[in-house]
>>> print(open('model_10.cif').read())   # mmCIF, C-alpha atoms
data_query
#
loop_
_atom_site.group_PDB
_atom_site.id
_atom_site.type_symbol
_atom_site.label_atom_id
_atom_site.label_comp_id
_atom_site.auth_asym_id
_atom_site.auth_seq_id
_atom_site.Cartn_x
_atom_site.Cartn_y
_atom_site.Cartn_z
ATOM 1 C CA MET A 1 -1.518 30.605 -6.680
ATOM 2 C CA ASN A 2 -4.496 31.532 -4.577
ATOM 3 C CA LEU A 3 -5.964 28.312 -3.248
ATOM 4 C CA GLN A 4 -7.738 28.000 0.066
ATOM 5 C CA SER A 5 -8.195 24.235 0.101
ATOM 6 C CA VAL A 6 -7.194 21.170 -1.911
ATOM 7 C CA PRO A 7 -9.848 19.878 -4.324
ATOM 8 C CA LEU A 8 -10.811 16.195 -4.249
ATOM 9 C CA ASP A 9 -9.440 15.583 -7.742
ATOM 10 C CA TRP A 10 -5.862 16.289 -6.625
ATOM 11 C CA TYR A 11 -6.030 13.575 -3.982
ATOM 12 C CA LEU A 12 -7.388 11.182 -6.613
ATOM 13 C CA ILE A 13 -4.517 12.045 -8.962
ATOM 14 C CA VAL A 14 -1.914 11.434 -6.237
ATOM 15 C CA ALA A 15 -3.578 8.116 -5.401
ATOM 16 C CA ALA A 16 -3.640 7.119 -9.088
ATOM 17 C CA ALA A 17 0.050 7.978 -9.441
ATOM 18 C CA LEU A 18 0.906 5.886 -6.373
ATOM 19 C CA PHE A 19 -1.159 2.956 -7.664
ATOM 20 C CA THR A 20 0.591 3.155 -11.032
ATOM 21 C CA ILE A 21 4.016 3.162 -9.363
ATOM 22 C CA GLY A 22 2.917 0.083 -7.421
ATOM 23 C CA VAL A 23 1.850 -1.675 -10.644
ATOM 24 C CA ILE A 24 5.199 -0.874 -12.267
ATOM 25 C CA GLY A 25 6.962 -2.261 -9.203
ATOM 26 C CA VAL A 26 4.996 -5.521 -9.307
ATOM 27 C CA VAL A 27 5.621 -6.006 -13.026
ATOM 28 C CA THR A 28 9.280 -5.020 -13.250
ATOM 29 C CA ARG A 29 10.909 -6.249 -10.032
ATOM 30 C CA ARG A 30 12.265 -9.760 -9.511
ATOM 31 C CA ASN A 31 12.699 -9.766 -5.759
ATOM 32 C CA ALA A 32 9.545 -11.237 -4.160
ATOM 33 C CA ILE A 33 9.878 -9.009 -1.087
ATOM 34 C CA ILE A 34 9.973 -5.831 -3.189
ATOM 35 C CA VAL A 35 7.006 -7.106 -5.226
ATOM 36 C CA PHE A 36 5.247 -7.561 -1.904
ATOM 37 C CA MET A 37 6.102 -3.986 -0.859
ATOM 38 C CA ALA A 38 4.720 -2.688 -4.165
ATOM 39 C CA ILE A 39 1.450 -4.523 -3.451
ATOM 40 C CA GLU A 40 1.273 -2.814 -0.056
ATOM 41 C CA MET A 41 1.784 0.496 -1.844
ATOM 42 C CA MET A 42 -1.174 -0.219 -4.138
ATOM 43 C CA LEU A 43 -3.386 -1.086 -1.140
ATOM 44 C CA ASN A 44 -2.372 2.208 0.457
ATOM 45 C CA SER A 45 -3.216 4.261 -2.608
ATOM 46 C CA VAL A 46 -6.717 2.781 -2.534
ATOM 47 C CA ASN A 47 -6.937 3.679 1.159
ATOM 48 C CA LEU A 48 -6.128 7.264 0.222
ATOM 49 C CA VAL A 49 -9.046 7.295 -2.244
ATOM 50 C CA PHE A 50 -11.403 5.866 0.386
ATOM 51 C CA ILE A 51 -10.408 8.472 2.967
ATOM 52 C CA SER A 52 -10.610 11.345 0.462
ATOM 53 C CA PHE A 53 -14.136 10.432 -0.552
ATOM 54 C CA ALA A 54 -15.179 9.843 3.054
ATOM 55 C CA GLN A 55 -13.926 13.259 4.151
ATOM 56 C CA PHE A 56 -15.210 15.195 1.138
ATOM 57 C CA LEU A 57 -18.661 13.590 1.185
ATOM 58 C CA GLY A 58 -18.932 13.527 4.969
ATOM 59 C CA ASP A 59 -19.635 9.798 5.211
ATOM 60 C CA ILE A 60 -17.956 7.509 7.755
ATOM 61 C CA THR A 61 -18.179 4.359 5.599
ATOM 62 C CA GLY A 62 -14.952 5.066 3.683
ATOM 63 C CA GLN A 63 -12.938 5.287 6.888
ATOM 64 C CA ILE A 64 -14.428 2.035 8.215
ATOM 65 C CA PHE A 65 -13.484 0.372 4.952
ATOM 66 C CA VAL A 66 -9.895 1.582 5.355
ATOM 67 C CA LEU A 67 -9.757 -0.135 8.739
ATOM 68 C CA PHE A 68 -10.781 -3.402 7.090
ATOM 69 C CA VAL A 69 -8.257 -2.934 4.279
ATOM 70 C CA MET A 70 -5.565 -2.428 6.923
ATOM 71 C CA ALA A 71 -6.580 -5.646 8.690
ATOM 72 C CA VAL A 72 -6.519 -7.584 5.412
ATOM 73 C CA ALA A 73 -3.127 -6.055 4.586
ATOM 74 C CA ALA A 74 -1.778 -7.194 7.954
ATOM 75 C CA GLY A 75 -2.988 -10.744 7.294
ATOM 76 C CA GLU A 76 -1.586 -10.595 3.786
ATOM 77 C CA ALA A 77 1.776 -9.425 5.153
ATOM 78 C CA ALA A 78 1.999 -12.367 7.551
ATOM 79 C CA ILE A 79 0.989 -14.960 4.938
ATOM 80 C CA GLY A 80 3.012 -13.418 2.108
ATOM 81 C CA LEU A 81 6.215 -13.218 4.106
ATOM 82 C CA ALA A 82 5.712 -16.771 5.405
ATOM 83 C CA ILE A 83 5.397 -17.901 1.781
ATOM 84 C CA VAL A 84 8.608 -16.033 0.896
ATOM 85 C CA LEU A 85 10.359 -17.747 3.816
ATOM 86 C CA ALA A 86 9.094 -21.180 2.754
ATOM 87 C CA LEU A 87 10.098 -20.425 -0.841
ATOM 88 C CA PHE A 88 13.612 -19.453 0.197
ATOM 89 C CA ARG A 89 13.945 -22.547 2.350
ATOM 90 C CA ASN A 90 12.988 -24.862 -0.510
ATOM 91 C CA LYS A 91 14.463 -23.093 -3.539
ATOM 92 C CA ARG A 92 17.261 -20.912 -2.110
ATOM 93 C CA THR A 93 15.942 -17.919 -4.054
ATOM 94 C CA VAL A 94 13.418 -15.103 -3.695
ATOM 95 C CA TYR A 95 13.518 -14.094 -7.358
ATOM 96 C CA VAL A 96 10.070 -14.692 -8.798
ATOM 97 C CA ASP A 97 11.332 -15.522 -12.300
ATOM 98 C CA GLU A 98 13.494 -18.366 -10.980
ATOM 99 C CA VAL A 99 10.497 -20.126 -9.465
ATOM 100 C CA ASN A 100 8.769 -21.892 -12.334
ATOM 101 C CA VAL A 101 7.711 -25.315 -11.052
ATOM 102 C CA LEU A 102 4.094 -24.562 -11.903
ATOM 103 C CA LYS A 103 4.982 -23.574 -15.465
ATOM 104 C CA TRP A 104 3.793 -26.032 -18.063
ATOM 105 C CA MET B 1 -1.648 29.296 -0.390
ATOM 106 C CA SER B 2 -3.205 27.981 2.798
ATOM 107 C CA LEU B 3 -1.510 25.565 5.166
ATOM 108 C CA GLN B 4 -3.581 22.639 3.908
ATOM 109 C CA VAL B 5 -2.456 23.198 0.311
ATOM 110 C CA ALA B 6 1.193 23.598 1.295
ATOM 111 C CA LEU B 7 1.103 20.414 3.380
ATOM 112 C CA PHE B 8 -0.689 18.583 0.578
ATOM 113 C CA PHE B 9 2.138 19.426 -1.819
ATOM 114 C CA LEU B 10 4.812 18.537 0.735
ATOM 115 C CA PHE B 11 3.322 15.125 1.586
ATOM 116 C CA GLY B 12 2.004 14.360 -1.902
ATOM 117 C CA ILE B 13 5.320 14.956 -3.630
ATOM 118 C CA GLY B 14 7.110 13.211 -0.776
ATOM 119 C CA ALA B 15 4.809 10.178 -1.077
ATOM 120 C CA ILE B 16 5.383 9.880 -4.834
ATOM 121 C CA ALA B 17 9.162 10.364 -4.494
ATOM 122 C CA THR B 18 9.512 7.720 -1.779
ATOM 123 C CA ALA B 19 7.251 5.357 -3.760
ATOM 124 C CA ILE B 20 9.556 5.678 -6.775
ATOM 125 C CA GLY B 21 12.495 5.153 -4.423
ATOM 126 C CA THR B 22 10.919 1.924 -3.139
ATOM 127 C CA ILE B 23 10.581 0.287 -6.532
ATOM 128 C CA THR B 24 13.943 1.448 -7.919
ATOM 129 C CA ARG B 25 16.349 0.505 -5.094
ATOM 130 C CA ARG B 26 18.360 -2.661 -5.747
ATOM 131 C CA ASN B 27 19.030 -3.197 -2.065
ATOM 132 C CA PRO B 28 15.880 -4.536 -0.317
ATOM 133 C CA VAL B 29 16.731 -2.751 2.940
ATOM 134 C CA ALA B 30 16.938 0.603 1.125
ATOM 135 C CA ALA B 31 13.567 -0.167 -0.507
ATOM 136 C CA ALA B 32 12.073 -0.966 2.901
ATOM 137 C CA VAL B 33 13.353 2.297 4.417
ATOM 138 C CA ASN B 34 11.870 4.209 1.479
ATOM 139 C CA LEU B 35 8.565 2.433 2.037
ATOM 140 C CA ILE B 36 8.555 3.398 5.733
ATOM 141 C CA ALA B 37 9.073 7.047 4.722
ATOM 142 C CA HIS B 38 6.254 6.567 2.195
ATOM 143 C CA PHE B 39 3.877 5.415 4.950
ATOM 144 C CA PHE B 40 4.732 8.479 7.033
ATOM 145 C CA MET B 41 4.013 10.729 4.045
ATOM 146 C CA LEU B 42 0.647 9.004 3.552
ATOM 147 C CA ALA B 43 -0.166 9.521 7.234
ATOM 148 C CA GLY B 44 0.539 13.219 6.647
ATOM 149 C CA LEU B 45 -1.863 13.216 3.703
ATOM 150 C CA TYR B 46 -4.522 11.612 5.926
ATOM 151 C CA LEU B 47 -3.958 14.434 8.420
ATOM 152 C CA THR B 48 -4.548 17.061 5.713
ATOM 153 C CA LEU B 49 -7.844 15.206 5.145
ATOM 154 C CA GLU B 50 -8.581 15.493 8.897
ATOM 155 C CA ALA B 51 -8.663 11.725 9.416
ATOM 156 C CA GLN B 52 -6.670 11.689 12.664
ATOM 157 C CA LEU B 53 -7.312 8.133 13.861
ATOM 158 C CA LEU B 54 -6.432 6.583 10.513
ATOM 159 C CA ALA B 55 -3.235 8.654 10.287
ATOM 160 C CA VAL B 56 -2.140 7.272 13.651
ATOM 161 C CA LEU B 57 -3.186 3.735 12.683
ATOM 162 C CA GLN B 58 -1.293 4.077 9.405
ATOM 163 C CA ILE B 59 1.947 4.695 11.310
ATOM 164 C CA LEU B 60 1.214 2.086 14.008
ATOM 165 C CA VAL B 61 0.079 -0.721 11.698
ATOM 166 C CA TYR B 62 2.075 -0.144 8.518
ATOM 167 C CA ALA B 63 5.273 1.634 9.554
ATOM 168 C CA GLY B 64 5.251 -0.157 12.892
ATOM 169 C CA ALA B 65 4.004 -3.710 12.549
ATOM 170 C CA ILE B 66 4.112 -4.642 8.863
ATOM 171 C CA MET B 67 7.451 -3.030 8.039
ATOM 172 C CA VAL B 68 9.094 -4.570 11.094
ATOM 173 C CA LEU B 69 7.956 -7.949 9.744
ATOM 174 C CA VAL B 70 9.352 -7.122 6.287
ATOM 175 C CA VAL B 71 12.716 -5.931 7.621
ATOM 176 C CA PHE B 72 12.871 -9.003 9.856
ATOM 177 C CA VAL B 73 12.353 -11.325 6.878
ATOM 178 C CA ILE B 74 14.971 -9.430 4.834
ATOM 179 C CA MET B 75 17.375 -9.924 7.731
ATOM 180 C CA LEU B 76 16.533 -13.644 7.985
ATOM 181 C CA LEU B 77 17.136 -14.204 4.276
ATOM 182 C CA ASN B 78 20.348 -12.132 4.218
ATOM 183 C CA LEU B 79 19.776 -10.978 0.631
ATOM 184 C CA GLY B 80 22.276 -9.111 -1.480
ATOM 185 C CA ASN B 81 21.530 -6.563 -4.159
ATOM 186 C CA GLU B 82 19.195 -7.683 -6.904
ATOM 187 C CA GLN B 83 20.951 -8.709 -10.108
ATOM 188 C CA ALA B 84 19.156 -7.645 -13.263
ATOM 189 C CA LEU B 85 18.613 -10.254 -15.943
ATOM 190 C CA ARG B 86 19.393 -8.467 -19.173
ATOM 191 C CA GLU B 87 17.036 -10.008 -21.725
ATOM 192 C CA GLN B 88 14.042 -10.583 -19.420
ATOM 193 C CA PHE B 89 14.411 -7.329 -17.606
ATOM 194 C CA THR B 90 14.048 -5.168 -20.710
ATOM 195 C CA MET B 91 10.916 -7.118 -21.703
ATOM 196 C CA ARG B 92 9.458 -6.591 -18.240
ATOM 197 C CA LYS B 93 10.353 -2.923 -18.349
ATOM 198 C CA ILE B 94 8.495 -2.458 -21.639
ATOM 199 C CA VAL B 95 5.407 -4.247 -20.314
ATOM 200 C CA GLY B 96 5.537 -2.188 -17.132
ATOM 201 C CA VAL B 97 5.842 1.129 -18.934
ATOM 202 C CA VAL B 98 3.023 0.226 -21.361
ATOM 203 C CA LEU B 99 0.737 -0.782 -18.474
ATOM 204 C CA ALA B 100 1.584 2.390 -16.576
ATOM 205 C CA ALA B 101 0.968 4.585 -19.630
ATOM 206 C CA MET B 102 -2.402 2.943 -20.210
ATOM 207 C CA PHE B 103 -3.388 3.443 -16.600
ATOM 208 C CA VAL B 104 -2.337 7.089 -16.521
ATOM 209 C CA LEU B 105 -4.302 7.626 -19.745
ATOM 210 C CA GLN B 106 -7.425 6.035 -18.292
ATOM 211 C CA VAL B 107 -7.227 8.043 -15.097
ATOM 212 C CA SER B 108 -6.635 11.335 -16.866
ATOM 213 C CA VAL B 109 -9.543 10.671 -19.235
ATOM 214 C CA LEU B 110 -11.802 9.820 -16.284
ATOM 215 C CA VAL B 111 -10.771 12.847 -14.231
ATOM 216 C CA ASN B 112 -11.176 15.167 -17.211
ATOM 217 C CA ALA B 113 -14.501 13.689 -18.305
ATOM 218 C CA GLN B 114 -16.137 13.947 -14.908
ATOM 219 C CA PRO B 115 -14.463 16.326 -12.457
ATOM 220 C CA THR B 116 -15.865 15.637 -9.017
ATOM 221 C CA GLY B 117 -16.263 19.335 -8.355
ATOM 222 C CA ALA B 118 -15.656 18.884 -4.634
ATOM 223 C CA THR B 119 -13.268 21.597 -3.534
ATOM 224 C CA THR B 120 -13.632 21.699 0.239
ATOM 225 C CA LEU B 121 -13.788 19.067 2.941
ATOM 226 C CA SER B 122 -17.212 18.274 4.288
ATOM 227 C CA PRO B 123 -18.016 20.455 7.329
ATOM 228 C CA LYS B 124 -18.408 17.217 9.307
ATOM 229 C CA ALA B 125 -14.932 16.005 8.296
ATOM 230 C CA ALA B 126 -13.081 16.896 11.505
ATOM 231 C CA THR B 127 -15.578 15.066 13.723
ATOM 232 C CA LEU B 128 -15.766 12.078 11.357
ATOM 233 C CA GLY B 129 -12.100 11.193 11.839
ATOM 234 C CA THR B 130 -12.184 10.947 15.632
ATOM 235 C CA VAL B 131 -11.931 7.700 17.590
ATOM 236 C CA GLU B 132 -15.424 8.298 18.917
ATOM 237 C CA SER B 133 -17.228 8.435 15.571
ATOM 238 C CA ILE B 134 -15.263 5.558 14.035
ATOM 239 C CA GLY B 135 -15.752 3.381 17.122
ATOM 240 C CA GLN B 136 -19.439 4.204 17.162
ATOM 241 C CA ALA B 137 -19.901 3.063 13.561
ATOM 242 C CA LEU B 138 -17.558 0.078 13.897
ATOM 243 C CA PHE B 139 -19.299 -1.455 16.908
ATOM 244 C CA THR B 140 -22.886 -0.820 15.865
ATOM 245 C CA GLN B 141 -23.491 -0.742 12.135
ATOM 246 C CA TYR B 142 -20.377 -2.688 11.137
ATOM 247 C CA LEU B 143 -20.187 -5.151 14.009
ATOM 248 C CA PHE B 144 -20.523 -8.269 11.872
ATOM 249 C CA PRO B 145 -17.722 -7.357 9.408
ATOM 250 C CA PHE B 146 -15.596 -6.475 12.441
ATOM 251 C CA GLU B 147 -16.076 -9.966 13.898
ATOM 252 C CA ALA B 148 -15.468 -11.528 10.484
ATOM 253 C CA ILE B 149 -12.176 -9.670 10.091
ATOM 254 C CA SER B 150 -11.008 -10.961 13.484
ATOM 255 C CA LEU B 151 -11.648 -14.491 12.198
ATOM 256 C CA LEU B 152 -9.636 -13.663 9.067
ATOM 257 C CA LEU B 153 -6.726 -12.449 11.205
ATOM 258 C CA LEU B 154 -6.840 -15.659 13.226
ATOM 259 C CA ALA B 155 -6.768 -17.714 10.027
ATOM 260 C CA ALA B 156 -3.812 -15.645 8.736
ATOM 261 C CA LEU B 157 -1.995 -16.180 12.041
ATOM 262 C CA VAL B 158 -2.418 -19.964 11.932
ATOM 263 C CA GLY B 159 -1.569 -20.073 8.228
ATOM 264 C CA ALA B 160 1.611 -18.048 8.680
ATOM 265 C CA ILE B 161 2.809 -20.318 11.497
ATOM 266 C CA ILE B 162 2.139 -23.464 9.456
ATOM 267 C CA LEU B 163 3.853 -22.041 6.360
ATOM 268 C CA ALA B 164 6.930 -20.788 8.171
ATOM 269 C CA LYS B 165 7.354 -23.839 10.414
ATOM 270 C CA ARG B 166 10.599 -25.657 9.773
ATOM 271 C CA LYS B 167 9.091 -29.106 9.253
ATOM 272 C CA VAL B 168 5.432 -29.762 8.474
ATOM 273 C CA GLU B 169 4.508 -33.253 9.623
#
>>> encode(input="model_10.cif", output="structure tokens")
Amino acid sequence: MNLQSVPLDWYLIVAAALFTIGVIGVVTRRNAIIVFMAIEMMLNSVNLVFISFAQFLGDITGQIFVLFVMAVAAGEAAIGLAIVLALFRNKRTVYVDEVNVLKW
Amino acid sequence: MSLQVALFFLFGIGAIATAIGTITRRNPVAAAVNLIAHFFMLAGLYLTLEAQLLAVLQILVYAGAIMVLVVFVIMLLNLGNEQALREQFTMRKIVGVVLAAMFVLQVSVLVNAQPTGATTLSPKAATLGTVESIGQALFTQYLFPFEAISLLLLAALVGAIILAKRKVE
């Protein structure tokens, strides 16, 4: 192989693979904390796309956007884990399929 | 193969492997450790893209702050290994695999239909990733979103305290 630099498409493919793994995690896992980690993984794969485009196109906007995504992810982490704690306190479980009080 | 390509393969394959590790471990602590490794791999990928500040922030914010919170909650809840529910789990697995296959199909069609054609980083890339250029843009052009996000963090802080409080009067 005689490559000097990595093309943009490869970064996009890695990011797509990571996003897909995150989706599989959200759909297949029962533990709310692991579902939460899979969501973080999806946010990160989008960050990778933003940074790739920013660096290949030479535009700062993508990197600024990543900063905002990180801030939102931090807020989401605090709220999400507080919800998991409250859930465990009330229901004694963190398995999402055992929590069905809102089901009709 | 140049150094950038070699590092891309190292961190890219590492990121995908640790991501798979995160969603397949039964033990939540093992999943969390895999996710921390995943964040380090992503920071490495950001470095191959010459985004230095964001690589550092990735480790500080994700591997540092967020994962500490996650591990702390796992410790508080004292969870055991996840037990699989036979009948529901297979159904979920099928749905998950179908969704994943559809997504991979869509992405491969998109990438094949319209290759971006960009093969090298922008010549400005190395200076774009510095603290100076990001700070410059953040505090001039993007000042209002910056202030708005601080309000969002405050709201998240108050919300988390109210949710996790032992008794809400």
>>> residues_around(input="model_10.cif", residues="Ile39 of chain A", least_positions_apart="6", cutoff="12 Å", atoms="all atoms listed in the file", output="list in words")
Leu18, Phe19, Thr20, Ile21, Gly22, Val23, Ile24, Gly25, Val26, Val27, Arg29, Ala32, Ile33, Ser45, Val46, Ala73, Glu76, Ala77 and Gly80 of chain A; Ala19, Thr22, Ile23 and Leu35 of chain B
>>> atom_distance(input="model_10.cif", atom1="atom CA of Thr127 of chain B", atom2="atom CA of Gly44 of chain B")
17.7 Å
>>> closest_residue(input="model_10.cif", among="B:Ile59, B:Leu7, B:Ala125, B:Val131", to="chain A", atoms="only C-alpha atoms")
B:Ala125
>>> interface_residues(input="model_10.cif", of="chain A", to="chain B", cutoff="8 Å", atoms="all atoms listed in the file", output="ChimeraX atom specification")
/A:1-9,13-14,16-18,20-25,27-31,33-34,37-38,41,48,51-52,55-60,63-64,66-68,70-72,74-79,81-83,85-86,88
>>> atom_distance(input="model_10.cif", atom1="atom CA of Glu40 of chain A", atom2="atom CA of Val56 of chain B")
17.4 Å
>>> atom_distance(input="model_10.cif", atom1="atom CA of Phe53 of chain A", atom2="atom CA of Ala63 of chain B")
23.6 Å
>>> axis_aligned_box(input="model_10.cif", around="segment 79-94 of chain A", padding_each_side="8 Å", output="JSON")
{"center_x": 9.1, "center_y": -19.0, "center_z": 0.7, "size_x": 32.3, "size_y": 27.6, "size_z": 25.5}
>>> closest_residue(input="model_10.cif", among="B:Leu110, B:Gln52, B:Val68, B:Asn78", to="Glu132 of chain B", atoms="all atoms listed in the file")
B:Gln52
